[in-house]
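The structure under discussion appears below in the form of structure tokens.
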Amino acid sequence: MSQPRPMLGARFWWVTVAAVLGVAVTASLGRWQLTRAAQKEALQAAIDARVSEPLIDALSPEAAAVTAREPSAALLHRRALVRGVWLAEHTVWLDNRQMHGRPGFFVLTPLRLEGGGVLLVQRGWMPRNFEDRTRLPALQTPPGQVEVRGILSPPPARLYELGATERGAIRQNLDLDAFRAETGLPLAGLSLQQSNAEPDRVPADGLLRDWPQPDSGVDRHYGYAFQWFGLCALMVLLYVWFQILPRFFPRLRFGGSSRAEDGR
């Protein structure tokens with residue numbers, strides 16, 4: 001004689017609807033994280049491609065675009081060689097910046113280019129004096145025309161600060177528009193992150209230039225995707241274990257009366 005079909009009450013359908021919604025949401029979030037990871041990978045590939053493009057020389061046709069107040073985004077992360085004169089009186093020391101795990105200063109100095117315009121140069125890092133914060137290390141800034149190599153970059157990232165925007169040599173952050181108004185300099189919309197002319201040698205000016213590479217966040221997105229897909233799989237497993245097996249396959253579920261019957 002065949003077993004009667006199990007009755008499916010309102011509770012079963014409420015649980016089913018909740019499970020379907022939960023699986024749909026977590027699976028969608030997992031796919032979204034994978035999409036974000038793919039976008040970040042494509043962006044990083046574009047940045048790597050720009051770094052490998054030919055050097056923008058001070059005399060090249062592209063050089064004029066570097067000094068624009070709103071330069072093309074295509075110039076970001078390009079290697080460049082510029083020539084000009086340091087405006088040492090406008091040097092800014094950004095405090096609480098780290099390199100190799102040590103706190104110190106990022107040194108920024110505007111460079112008046114020979115072709116016109118002014119470019120803010122991120123010259124490098126120096127350690128701070130822990131006994132006297134206002135005591136700055138000696139900085140060599142050669143007079144006359146100099147050549148500077150580097151990567152065209154946005155201005156340094158902002159750190160959290162309390163109070164109004166600082167002025168003076170030592171600051172927490174540097175807002176490019178405010179600095180442009182403060183100094184009256186026609187600063188370009190990009191900065192140059194200086195690199196060593198001879199990578200294998202310690203620079204004569206004592207500045208370290210092992211610039212930290214920005215984290216693209218790809219690994220984080222893959223980690224989130226794994227978590228969402230894992231939660232989705234767990235929902236499916238729990239739904240099958242507690243809702244499907246007891247009603248439709250009672251002998252396949254371990255425990256309870258099924259185990260007692262098997263032992264008889």
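Residue numbering restarts at 1 in every chain; chains get A, B, ... in the order shown in the structure tokens, and ligands count up from 1 in that same order.
Selecting strand (DSSP E or B) from the backbone DSSP output for region 152-219 of chain A yields Leu152, Ser153, Ile170, Arg171, Leu187, Ala188, Gly189, Leu190, Ser191, Leu192, Gln193, Gln194 and Leu208 of chain A.
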In region 72-232 of chain A, DSSP helix (DSSP H, G or I) residues written as an MDAnalysis selection string: chainID A and resid 73:75 88:90 176:183 218:232
Serialized selection, C-alpha atoms, as an mmCIF file, in the first residue's frame:
data_model
loop_
_atom_site.group_PDB
_atom_site.id
_atom_site.type_symbol
_atom_site.label_atom_id
_atom_site.label_comp_id
_atom_site.auth_asym_id
_atom_site.auth_seq_id
_atom_site.Cartn_x
_atom_site.Cartn_y
_atom_site.Cartn_z
ATOM 1 C CA ALA A 73 42.408 61.424 -17.458
ATOM 2 C CA ALA A 74 44.421 59.544 -20.081
ATOM 3 C CA LEU A 75 47.564 61.242 -18.737
ATOM 4 C CA ALA A 88 61.416 75.908 -2.783
ATOM 5 C CA GLU A 89 59.654 78.654 -0.816
ATOM 6 C CA HIS A 90 56.358 76.842 -1.403
ATOM 7 C CA LEU A 176 45.118 71.584 -4.670
ATOM 8 C CA ASP A 177 42.492 74.276 -5.305
ATOM 9 C CA ALA A 178 43.105 75.909 -1.917
ATOM 10 C CA PHE A 179 46.880 75.753 -2.428
ATOM 11 C CA ARG A 180 46.479 77.299 -5.878
ATOM 12 C CA ALA A 181 44.526 80.196 -4.391
ATOM 13 C CA GLU A 182 46.927 80.530 -1.449
ATOM 14 C CA THR A 183 50.096 80.732 -3.550
ATOM 15 C CA VAL A 218 40.439 42.733 -6.044
ATOM 16 C CA ASP A 219 41.228 40.170 -3.342
ATOM 17 C CA ARG A 220 38.704 41.780 -1.033
ATOM 18 C CA HIS A 221 35.949 41.485 -3.644
ATOM 19 C CA TYR A 222 36.780 37.822 -4.245
ATOM 20 C CA GLY A 223 36.656 37.244 -0.489
ATOM 21 C CA TYR A 224 33.228 38.858 -0.239
ATOM 22 C CA ALA A 225 31.999 36.837 -3.220
ATOM 23 C CA PHE A 226 33.148 33.613 -1.546
ATOM 24 C CA GLN A 227 31.254 34.564 1.605
ATOM 25 C CA TRP A 228 28.029 35.357 -0.263
ATOM 26 C CA PHE A 229 28.157 32.177 -2.341
ATOM 27 C CA GLY A 230 28.965 30.165 0.780
ATOM 28 C CA LEU A 231 25.945 31.631 2.561
ATOM 29 C CA CYS A 232 23.823 30.864 -0.502
#
Arg112 (chain A) surroundings by only C-alpha atoms, 8 Å radius, close-in-sequence under 5 positions cut, as a list of chain:residue names: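 Near Arg112 (chain A), the qualifying residues are A:Gly84, A:Val85, A:Trp86, A:Leu87, A:Gly117, A:Val118, A:Leu119.
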Computed interatomic separation between CA of Leu113 (chain A) and CA of Val82 (chain A) (Å):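 Value for the CA of Leu113 (chain A)-CA of Val82 (chain A) distance: 7.0 Å.
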List every residue of region 208-243 of chain A that has an atom at most 12 Å from any atom of region 151-162 of chain A, and for each one report the closest atom pair and its distance in Å to one decimal, counting only C-alpha atoms, with rows sorted by chain and then by increasing residue number, as CSV.
residue,atom,partner,partner_atom,distance
A:Arg209,CA,A:Ile151,CA,11.6
A:Trp211,CA,A:Ile151,CA,10.7
A:Pro212,CA,A:Pro156,CA,11.3
A:Gln213,CA,A:Ser153,CA,11.8
A:Pro214,CA,A:Ala157,CA,10.3
Emit the selected residues as a compact mmCIF listing (two decimals), in the first residue's frame, including N, CA, C and O atoms.
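What follows is the written file part37.txt:
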# COMPACT_ATOMS: atom_id res chain seq x y z
N ARG A 209 61.83 57.09 -2.18
CA ARG A 209 60.76 57.13 -3.18
C ARG A 209 60.20 55.74 -3.48
O ARG A 209 59.84 55.44 -4.61
N TRP A 211 57.38 54.44 -3.31
CA TRP A 211 55.99 54.84 -3.13
C TRP A 211 55.09 53.62 -2.94
O TRP A 211 55.22 52.64 -3.67
N PRO A 212 54.19 53.67 -1.96
CA PRO A 212 53.26 52.54 -1.79
C PRO A 212 52.32 52.42 -2.98
O PRO A 212 51.82 53.42 -3.49
N GLN A 213 52.11 51.19 -3.43
CA GLN A 213 51.21 50.95 -4.55
C GLN A 213 49.78 50.89 -4.03
O GLN A 213 49.50 50.24 -3.03
N PRO A 214 48.86 51.58 -4.70
CA PRO A 214 47.46 51.55 -4.24
C PRO A 214 46.88 50.15 -4.33
O PRO A 214 47.15 49.41 -5.28
Per residue of region 144-198 of chain A within 12 Å of region 202-206 of chain A, record the nearest atom pair and its distance in Å to one decimal, counting only C-alpha atoms, with rows in chain order and ascending residue number, as JSON lines.
{"residue": "A:Gln194", "atom": "CA", "partner": "A:Pro203", "partner_atom": "CA", "distance": 11.4}
{"residue": "A:Ser195", "atom": "CA", "partner": "A:Pro203", "partner_atom": "CA", "distance": 9.7}
{"residue": "A:Asn196", "atom": "CA", "partner": "A:Pro203", "partner_atom": "CA", "distance": 6.7}
{"residue": "A:Ala197", "atom": "CA", "partner": "A:Pro203", "partner_atom": "CA", "distance": 8.1}
{"residue": "A:Glu198", "atom": "CA", "partner": "A:Pro203", "partner_atom": "CA", "distance": 7.8}
